Amino acid sequence: MRAAGSGGHSPRAAAAAVATALAAAGIALLCAGGGARAQEVQAENVTVAEGGQAEINCRLHQYDGSIVVIQNPSRQTLFFNGTRALKDERFQLVEFTQKQVRIVLSNARLEDEGGYFCQLYTDDTHHQIAILTVLVPPENPLVEVKEQAVEGGEVELTCIVPRSRPAATLRWYRDRALIPGISSKQENGKVFSITNVLRFRVERKDHGSIVTCEATHPALRGQQKQTQYVLDVQYSPTVRIRPPQGVMREGDTLVLTCAVNGNPPPTRINWNRANDSLPERALLEGDTLTIPSLSMLDNGTYSCQVENKHGRSSDQYVLVVYDPGAIVEAQTSVPYAIVGGILALLVFLVICVLIVMVWCSIRQKGSYLTHEASGLDEHGEAREAFLNGGDGHKRKEEFFI
């Protein structure tokens with residue numbers, strides 16, 4: 001038979017009861033005893049990411065086999081002299097020696113955060129507290145768009161990290177360049193919800209470009225969490241008809257392709273011929289118009305028309321069908337702009353040559369008149385010397401010499 005008052009109690013329950021009684025009795029002595037000989041027990045603070053593994057170390061000095069108790073932040077005894085007292089398998093006692101007590105906590109939770117008591121009961125009560133800090137790293141940010149972006153309008157993107165501790169930092173990047181946004185945070189218990197709103201104007205060239213929201217956090221250890229958003233910008237369509245190469249003759253097959261660019265893409269492409277209907281043998285397939293066995297009756301202006309909810313666009317092609325035996329001047333591959341530029345250069349060079357020739361002629365005529373005037377002056381001086389005689393004759397001789 002079981003003794004009254006002891007039936008049904010396991011050793012673990014007995015250890016827990018003793019530990020609780022010792023802890024209750026020692027609470028009043030913790031501050032006083034811990035301050036008297038704090039060097040008997042040492043503990044280190046620990047930081048761990050949520051879901052990670054943390055080690056709680058209690059170092060003992062001059063341990064004499066006295067009682068050692070480890071308690072959680074709620075003052076529940078985890079271990080009593082190496083014996084488990086709390087049924088939480090996430091806490092494991094991996095080392096219990098005369099120098100150290102080491103406990104490993106797996107799958108750390110936010111509620112595990114707080115001070116863990118390392119207590120040594122000798123003649124005095126010695127204790128140290130190891131502070132466990134649990135970080136909550138952010139998940140990949142969520143990117144939301146307020147409304148559909150349209151060419152010429154403004155787009156608003158919101159980046160959200162619903163849960164982190166401490167608050168994560170959010171940044172926007174486009175083409176590796178930082179774009180400033182408006183950040184805000186909201187505290188939900190022990191965690192924070194972070195948002196960052198970005199607004200900017202968009203054009204059709206922005207369609208398909210990538211905007212990145214990046215989250216940084218101490219628990220990520222230098223890494224980042226990123227989410228990329230591909231811009232979807234809607235715009236009115238543009239269209240261009242791709243014409244065939246060469247001259248179209250009777251009996252040939254005409255194939256016209258309507259190249260369309262628009263967002264959203266036009267769902268329907270309309271082919272028409274100005275002032276007439278399409279030939280009965282014309283084949284319409286997607287963006288392609290095919291007319292086999294051309295004849296001169298097929299001549300005309302053909303147009304391709306497209307439309308979406310943001311606008312419409314069209315392009316034209318003029319078809320001229322020639323007789324099979326007709327001689328058609330080959331179309332030069334040199335653009336008319338280049339030919340015109342060459343002709344203009346030639347005209348300019350001719351004008352320059354004429355200007356130089358006229359200038360040289362005028363200069364030569366002016367030199368001739370100058371020499372003629374100089375000869376007249378010399379003739380007058382000789383005549384004057386002849387009339388004066390004597391000295392004048394000397395001057396005349398000297399003059400002619």
# chains A, B, ... in the order shown; residues from 1 in each chain; ligands from 1
$ closest_atom_pairs --of "region 126-158 of chain A" --to "region 232-247 of chain A" --cutoff "8 Å" --atoms "only C-alpha atoms" --output "CSV"
residue,atom,partner,partner_atom,distance
A:Gln148,CA,A:Val233,CA,7.4
A:Ala149,CA,A:Val233,CA,4.9
A:Val150,CA,A:Gln234,CA,4.7
A:Glu151,CA,A:Tyr235,CA,5.3
$ write_last_selection --atoms "N, CA and C atoms" --output "tab-separated table (two decimals), in the first residue's frame"
chain	number	residue	atom	x	y	z
A	148	GLN	N	-4.99	50.80	-61.31
A	148	GLN	CA	-4.29	50.55	-62.55
A	148	GLN	C	-3.55	51.80	-63.04
A	149	ALA	N	-2.27	51.61	-63.39
A	149	ALA	CA	-1.47	52.73	-63.90
A	149	ALA	C	-1.80	52.98	-65.37
A	150	VAL	N	-1.95	54.27	-65.72
A	150	VAL	CA	-2.28	54.67	-67.09
A	150	VAL	C	-1.26	55.71	-67.53
A	151	GLU	N	-0.87	55.63	-68.79
A	151	GLU	CA	0.09	56.57	-69.38
A	151	GLU	C	-0.28	58.02	-69.05
$ select_by_dssp --residues "region 26-219 of chain A" --states "strand (DSSP E)" --output "PyMOL selection string"
chain A and resi 41-43+46-49+54-60+67-71+77-80+83-84+91-96+100-105+114-121+125-135+142-145+149-150+154-164+169-174+177-179+182-188+191-201+210-216
$ residues_around --residues "Gln53 (chain A)" --least-positions-apart "6" --cutoff "9 Å" --atoms "only C-alpha atoms" --output "list in words"
Val104, Leu105, Ser106, Asn107 and Ala108 of chain A
$ write_last_selection --atoms "C-alpha atoms" --output "CSV table (one decimal), in the first residue's frame"
chain,number,residue,atom,x,y,z
A,104,VAL,CA,19.8,25.1,-25.1
A,105,LEU,CA,16.4,26.5,-26.1
A,106,SER,CA,15.1,25.4,-29.5
A,107,ASN,CA,12.5,27.1,-31.7
A,108,ALA,CA,12.6,30.3,-29.7
$ atom_distance --atom1 "CA of Val143 (chain A)" --atom2 "CA of Lys205 (chain A)"
21.3 Å
$ select_by_dssp --residues "region 202-384 of chain A" --states "alpha helix (DSSP H)" --output "PyMOL selection string"
chain A and resi 336-384
$ write_last_selection --atoms "N, CA and C atoms" --output "tab-separated table (two decimals), in the first residue's frame"
chain	number	residue	atom	x	y	z
A	336	TYR	N	16.09	59.64	-99.77
A	336	TYR	CA	16.02	60.93	-100.44
A	336	TYR	C	16.73	62.02	-99.64
A	337	ALA	N	16.75	61.93	-98.37
A	337	ALA	CA	17.42	62.94	-97.55
A	337	ALA	C	18.91	62.98	-97.84
A	338	ILE	N	19.50	61.79	-98.04
A	338	ILE	CA	20.93	61.75	-98.34
A	338	ILE	C	21.23	62.33	-99.71
A	339	VAL	N	20.38	61.98	-100.70
A	339	VAL	CA	20.56	62.53	-102.06
A	339	VAL	C	20.43	64.05	-102.03
A	340	GLY	N	19.42	64.55	-101.35
A	340	GLY	CA	19.24	66.00	-101.27
A	340	GLY	C	20.42	66.67	-100.59
A	341	GLY	N	20.97	66.05	-99.57
A	341	GLY	CA	22.13	66.62	-98.89
A	341	GLY	C	23.34	66.71	-99.79
A	342	ILE	N	23.55	65.67	-100.61
A	342	ILE	CA	24.70	65.68	-101.53
A	342	ILE	C	24.55	66.79	-102.57
A	343	LEU	N	23.32	66.93	-103.13
A	343	LEU	CA	23.09	67.98	-104.13
A	343	LEU	C	23.31	69.36	-103.51
A	344	ALA	N	22.83	69.57	-102.33
A	344	ALA	CA	23.02	70.86	-101.68
A	344	ALA	C	24.50	71.16	-101.46
A	345	LEU	N	25.29	70.15	-101.13
A	345	LEU	CA	26.72	70.34	-100.94
A	345	LEU	C	27.40	70.72	-102.25
A	346	LEU	N	27.01	70.07	-103.34
A	346	LEU	CA	27.59	70.41	-104.64
A	346	LEU	C	27.28	71.84	-105.05
A	347	VAL	N	26.02	72.27	-104.85
A	347	VAL	CA	25.65	73.65	-105.18
A	347	VAL	C	26.46	74.64	-104.35
A	348	PHE	N	26.64	74.33	-103.07
A	348	PHE	CA	27.42	75.20	-102.21
A	348	PHE	C	28.86	75.31	-102.69
A	349	LEU	N	29.46	74.20	-103.10
A	349	LEU	CA	30.85	74.23	-103.58
A	349	LEU	C	30.97	75.07	-104.86
A	350	VAL	N	30.00	74.95	-105.79
A	350	VAL	CA	30.03	75.75	-107.02
A	350	VAL	C	29.95	77.23	-106.71
A	351	ILE	N	29.07	77.61	-105.80
A	351	ILE	CA	28.94	79.02	-105.42
A	351	ILE	C	30.24	79.53	-104.83
A	352	CYS	N	30.88	78.72	-103.99
A	352	CYS	CA	32.16	79.13	-103.39
A	352	CYS	C	33.23	79.35	-104.45
A	353	VAL	N	33.29	78.47	-105.46
A	353	VAL	CA	34.28	78.61	-106.53
A	353	VAL	C	34.04	79.90	-107.32
A	354	LEU	N	32.76	80.20	-107.62
A	354	LEU	CA	32.44	81.43	-108.35
A	354	LEU	C	32.84	82.67	-107.55
A	355	ILE	N	32.59	82.65	-106.25
A	355	ILE	CA	32.96	83.79	-105.41
A	355	ILE	C	34.47	84.01	-105.43
A	356	VAL	N	35.24	82.94	-105.34
A	356	VAL	CA	36.70	83.04	-105.34
A	356	VAL	C	37.20	83.59	-106.68
A	357	MET	N	36.61	83.11	-107.76
A	357	MET	CA	37.03	83.58	-109.09
A	357	MET	C	36.75	85.07	-109.27
A	358	VAL	N	35.57	85.51	-108.85
A	358	VAL	CA	35.24	86.93	-108.97
A	358	VAL	C	36.18	87.77	-108.13
A	359	TRP	N	36.48	87.31	-106.93
A	359	TRP	CA	37.36	88.06	-106.03
A	359	TRP	C	38.76	88.16	-106.62
A	360	CYS	N	39.27	87.10	-107.19
A	360	CYS	CA	40.60	87.13	-107.81
A	360	CYS	C	40.63	88.08	-109.01
A	361	SER	N	39.57	88.09	-109.81
A	361	SER	CA	39.51	88.97	-110.99
A	361	SER	C	39.52	90.44	-110.58
A	362	ILE	N	38.75	90.76	-109.55
A	362	ILE	CA	38.71	92.16	-109.08
A	362	ILE	C	40.06	92.58	-108.54
A	363	ARG	N	40.71	91.71	-107.83
A	363	ARG	CA	42.02	92.05	-107.25
A	363	ARG	C	43.06	92.25	-108.35
A	364	GLN	N	43.03	91.43	-109.37
A	364	GLN	CA	44.00	91.56	-110.47
A	364	GLN	C	43.79	92.87	-111.23
A	365	LYS	N	42.55	93.28	-111.48
A	365	LYS	CA	42.25	94.52	-112.19
A	365	LYS	C	42.70	95.73	-111.37
A	366	GLY	N	42.54	95.70	-110.08
A	366	GLY	CA	42.98	96.79	-109.21
A	366	GLY	C	44.48	96.94	-109.22
A	367	SER	N	45.22	95.85	-109.29
A	367	SER	CA	46.70	95.90	-109.36
A	367	SER	C	47.16	96.54	-110.66
A	368	TYR	N	46.49	96.26	-111.79
A	368	TYR	CA	46.84	96.83	-113.08
A	368	TYR	C	46.65	98.35	-113.08
A	369	LEU	N	45.56	98.85	-112.53
A	369	LEU	CA	45.31	100.27	-112.48
A	369	LEU	C	46.34	100.98	-111.62
A	370	THR	N	46.79	100.34	-110.56
A	370	THR	CA	47.80	100.94	-109.68
A	370	THR	C	49.13	101.11	-110.41
A	371	HIS	N	49.55	100.12	-111.15
A	371	HIS	CA	50.80	100.21	-111.91
A	371	HIS	C	50.70	101.28	-113.00
A	372	GLU	N	49.54	101.40	-113.63
A	372	GLU	CA	49.35	102.39	-114.69
A	372	GLU	C	49.48	103.81	-114.13
A	373	ALA	N	48.90	104.05	-112.96
A	373	ALA	CA	49.01	105.37	-112.34
A	373	ALA	C	50.44	105.67	-111.96
A	374	SER	N	51.18	104.71	-111.53
A	374	SER	CA	52.59	104.90	-111.18
A	374	SER	C	53.41	105.28	-112.40
A	375	GLY	N	53.11	104.71	-113.59
A	375	GLY	CA	53.85	105.06	-114.83
A	375	GLY	C	53.58	106.48	-115.25
A	376	LEU	N	52.38	106.96	-115.09
A	376	LEU	CA	52.07	108.34	-115.44
A	376	LEU	C	52.84	109.31	-114.57
A	377	ASP	N	53.01	109.03	-113.32
A	377	ASP	CA	53.76	109.91	-112.43
A	377	ASP	C	55.22	110.00	-112.86
A	378	GLU	N	55.80	108.94	-113.25
A	378	GLU	CA	57.21	108.93	-113.67
A	378	GLU	C	57.39	109.74	-114.97
A	379	HIS	N	56.45	109.64	-115.87
A	379	HIS	CA	56.51	110.38	-117.12
A	379	HIS	C	56.43	111.89	-116.88
A	380	GLY	N	55.59	112.30	-115.94
A	380	GLY	CA	55.48	113.74	-115.63
A	380	GLY	C	56.75	114.27	-115.03
A	381	GLU	N	57.43	113.54	-114.20
A	381	GLU	CA	58.67	113.98	-113.59
A	381	GLU	C	59.77	114.14	-114.67
A	382	ALA	N	59.81	113.27	-115.62
A	382	ALA	CA	60.83	113.35	-116.69
A	382	ALA	C	60.61	114.58	-117.56
A	383	ARG	N	59.38	114.88	-117.86
A	383	ARG	CA	59.10	116.07	-118.69
A	383	ARG	C	59.49	117.33	-117.97
A	384	GLU	N	59.23	117.41	-116.69
A	384	GLU	CA	59.58	118.60	-115.92
A	384	GLU	C	61.08	118.79	-115.88
$ atom_distance --atom1 "CA of Lys146 (chain A)" --atom2 "CA of Glu203 (chain A)"
17.2 Å
$ closest_residue --among "A:Glu147, A:Asp88, A:Glu139, A:Asp123" --to "Glu214 (chain A)" --atoms "only C-alpha atoms"
A:Glu139
$ residues_around --residues "Ala326 (chain A)" --least-positions-apart "6" --cutoff "12 Å" --atoms "only C-alpha atoms" --output "compact mmCIF listing (two decimals) with C-alpha atoms, in the first residue's frame"
# COMPACT_ATOMS: atom_id res chain seq x y z
CA VAL A 247 7.10 46.18 -107.08
CA MET A 248 3.74 44.39 -107.12
CA ARG A 249 2.67 43.02 -110.54
CA GLU A 250 -0.41 41.26 -111.82
$ closest_residue --among "A:Leu294, A:Ile269, A:Leu178, A:Ala130" --to "Asp315 (chain A)" --atoms "only C-alpha atoms"
A:Ile269
$ closest_residue --among "A:Leu289, A:Met296, A:Leu120, A:Leu231" --to "Thr257 (chain A)" --atoms "only C-alpha atoms"
A:Leu289
$ atom_distance --atom1 "CA of Leu278 (chain A)" --atom2 "CA of Val321 (chain A)"
15.1 Å
$ residues_around --residues "Glu95 (chain A)" --least-positions-apart "2" --cutoff "12 Å" --atoms "only C-alpha atoms" --output "VMD selection string"
chain A and resid 55 to 59 79 81 to 83 92 to 93 97 to 104
$ decode --residues "region 304-320 of chain A" --atoms "all heavy atoms" --output "CSV table (one decimal), in the first residue's frame"
chain,number,residue,atom,x,y,z
A,304,CYS,N,-5.2,49.9,-91.9
A,304,CYS,CA,-5.3,49.0,-90.8
A,304,CYS,C,-5.7,49.9,-89.6
A,304,CYS,O,-5.0,50.8,-89.3
A,304,CYS,CB,-4.0,48.3,-90.5
A,304,CYS,SG,-3.9,47.4,-89.0
A,305,GLN,N,-6.8,49.5,-88.9
A,305,GLN,CA,-7.3,50.3,-87.8
A,305,GLN,C,-7.4,49.4,-86.6
A,305,GLN,O,-7.9,48.3,-86.6
A,305,GLN,CB,-8.7,50.9,-88.1
A,305,GLN,CG,-8.7,51.8,-89.3
A,305,GLN,CD,-10.0,52.3,-89.7
A,305,GLN,OE1,-11.0,51.8,-89.2
A,305,GLN,NE2,-10.1,53.3,-90.6
A,306,VAL,N,-6.9,50.0,-85.4
A,306,VAL,CA,-7.0,49.3,-84.1
A,306,VAL,C,-7.5,50.2,-83.1
A,306,VAL,O,-7.5,51.5,-83.2
A,306,VAL,CB,-5.7,48.7,-83.7
A,306,VAL,CG1,-5.2,47.6,-84.7
A,306,VAL,CG2,-4.6,49.8,-83.6
A,307,GLU,N,-8.0,49.7,-82.0
A,307,GLU,CA,-8.6,50.5,-80.9
A,307,GLU,C,-8.5,49.7,-79.6
A,307,GLU,O,-8.7,48.5,-79.5
A,307,GLU,CB,-10.0,50.9,-81.3
A,307,GLU,CG,-10.7,51.8,-80.2
A,307,GLU,CD,-12.1,52.1,-80.7
A,307,GLU,OE1,-12.5,51.7,-81.8
A,307,GLU,OE2,-12.8,52.8,-79.9
A,308,ASN,N,-8.2,50.4,-78.5
A,308,ASN,CA,-8.5,49.9,-77.1
A,308,ASN,C,-9.2,51.0,-76.3
A,308,ASN,O,-9.5,52.1,-76.9
A,308,ASN,CB,-7.2,49.4,-76.5
A,308,ASN,CG,-6.2,50.5,-76.2
A,308,ASN,OD1,-6.5,51.7,-76.3
A,308,ASN,ND2,-5.0,50.1,-75.8
A,309,LYS,N,-9.4,50.8,-75.0
A,309,LYS,CA,-10.1,51.7,-74.2
A,309,LYS,C,-9.4,53.0,-74.0
A,309,LYS,O,-10.1,54.0,-73.5
A,309,LYS,CB,-10.5,51.1,-72.9
A,309,LYS,CG,-9.3,50.8,-72.0
A,309,LYS,CD,-9.8,50.1,-70.7
A,309,LYS,CE,-8.6,49.8,-69.8
A,309,LYS,NZ,-9.1,49.2,-68.5
A,310,HIS,N,-8.2,53.1,-74.4
A,310,HIS,CA,-7.4,54.4,-74.2
A,310,HIS,C,-7.3,55.2,-75.5
A,310,HIS,O,-6.7,56.3,-75.4
A,310,HIS,CB,-6.1,54.1,-73.6
A,310,HIS,CG,-6.1,53.4,-72.3
A,310,HIS,ND1,-6.6,54.1,-71.1
A,310,HIS,CD2,-5.8,52.2,-71.9
A,310,HIS,CE1,-6.5,53.2,-70.1
A,310,HIS,NE2,-6.1,52.1,-70.5
A,311,GLY,N,-7.7,54.6,-76.6
A,311,GLY,CA,-7.5,55.4,-77.9
A,311,GLY,C,-7.5,54.5,-79.1
A,311,GLY,O,-7.7,53.3,-79.0
A,312,ARG,N,-7.3,55.1,-80.3
A,312,ARG,CA,-7.3,54.3,-81.5
A,312,ARG,C,-6.1,54.8,-82.4
A,312,ARG,O,-5.6,55.9,-82.2
A,312,ARG,CB,-8.6,54.5,-82.3
A,312,ARG,CG,-8.9,55.9,-82.7
A,312,ARG,CD,-10.3,56.0,-83.4
A,312,ARG,NE,-11.4,55.6,-82.5
A,312,ARG,CZ,-12.6,55.5,-82.9
A,312,ARG,NH1,-12.9,55.7,-84.2
A,312,ARG,NH2,-13.6,55.1,-82.1
A,313,SER,N,-5.8,54.0,-83.4
A,313,SER,CA,-4.7,54.3,-84.3
A,313,SER,C,-4.9,53.6,-85.6
A,313,SER,O,-5.6,52.6,-85.7
A,313,SER,CB,-3.3,53.9,-83.7
A,313,SER,OG,-2.3,54.3,-84.5
A,314,SER,N,-4.3,54.2,-86.7
A,314,SER,CA,-4.4,53.5,-88.0
A,314,SER,C,-3.2,53.9,-88.9
A,314,SER,O,-2.4,54.8,-88.6
A,314,SER,CB,-5.7,54.0,-88.8
A,314,SER,OG,-5.6,55.4,-89.0
A,315,ASP,N,-3.0,53.0,-89.9
A,315,ASP,CA,-1.9,53.3,-90.9
A,315,ASP,C,-2.4,52.9,-92.2
A,315,ASP,O,-3.3,52.1,-92.4
A,315,ASP,CB,-0.6,52.4,-90.5
A,315,ASP,CG,0.6,52.9,-91.2
A,315,ASP,OD1,0.6,54.0,-91.8
A,315,ASP,OD2,1.6,52.1,-91.3
A,316,GLN,N,-1.7,53.4,-93.3
A,316,GLN,CA,-2.2,53.2,-94.7
A,316,GLN,C,-1.1,52.7,-95.6
A,316,GLN,O,0.1,52.9,-95.3
A,316,GLN,CB,-2.7,54.5,-95.3
A,316,GLN,CG,-4.0,55.1,-94.6
A,316,GLN,CD,-4.4,56.4,-95.2
A,316,GLN,OE1,-3.7,57.0,-96.0
A,316,GLN,NE2,-5.7,56.7,-95.0
A,317,TYR,N,-1.5,52.0,-96.6
A,317,TYR,CA,-0.6,51.5,-97.6
A,317,TYR,C,-1.2,51.6,-99.0
A,317,TYR,O,-2.4,51.2,-99.2
A,317,TYR,CB,-0.3,50.0,-97.4
A,317,TYR,CG,0.5,49.3,-98.5
A,317,TYR,CD1,1.9,49.6,-98.7
A,317,TYR,CD2,-0.1,48.5,-99.4
A,317,TYR,CE1,2.5,49.0,-99.8
A,317,TYR,CE2,0.5,47.9,-100.5
A,317,TYR,CZ,1.9,48.2,-100.7
A,317,TYR,OH,2.6,47.6,-101.7
A,318,VAL,N,-0.5,52.3,-99.9
A,318,VAL,CA,-1.1,52.5,-101.3
A,318,VAL,C,-0.6,51.4,-102.2
A,318,VAL,O,0.7,51.3,-102.4
A,318,VAL,CB,-0.6,53.9,-101.8
A,318,VAL,CG1,-1.1,54.1,-103.2
A,318,VAL,CG2,-1.1,55.0,-100.9
A,319,LEU,N,-1.5,50.6,-102.7
A,319,LEU,CA,-1.2,49.5,-103.6
A,319,LEU,C,-1.2,50.0,-105.1
A,319,LEU,O,-2.3,50.5,-105.5
A,319,LEU,CB,-2.1,48.4,-103.4
A,319,LEU,CG,-2.0,47.2,-104.3
A,319,LEU,CD1,-0.6,46.5,-104.2
A,319,LEU,CD2,-3.1,46.1,-104.1
A,320,VAL,N,-0.2,49.8,-105.8
A,320,VAL,CA,-0.1,50.0,-107.3
A,320,VAL,C,0.3,48.7,-107.9
A,320,VAL,O,1.5,48.3,-107.7
A,320,VAL,CB,0.8,51.2,-107.6
A,320,VAL,CG1,0.9,51.4,-109.1
A,320,VAL,CG2,0.4,52.5,-106.9
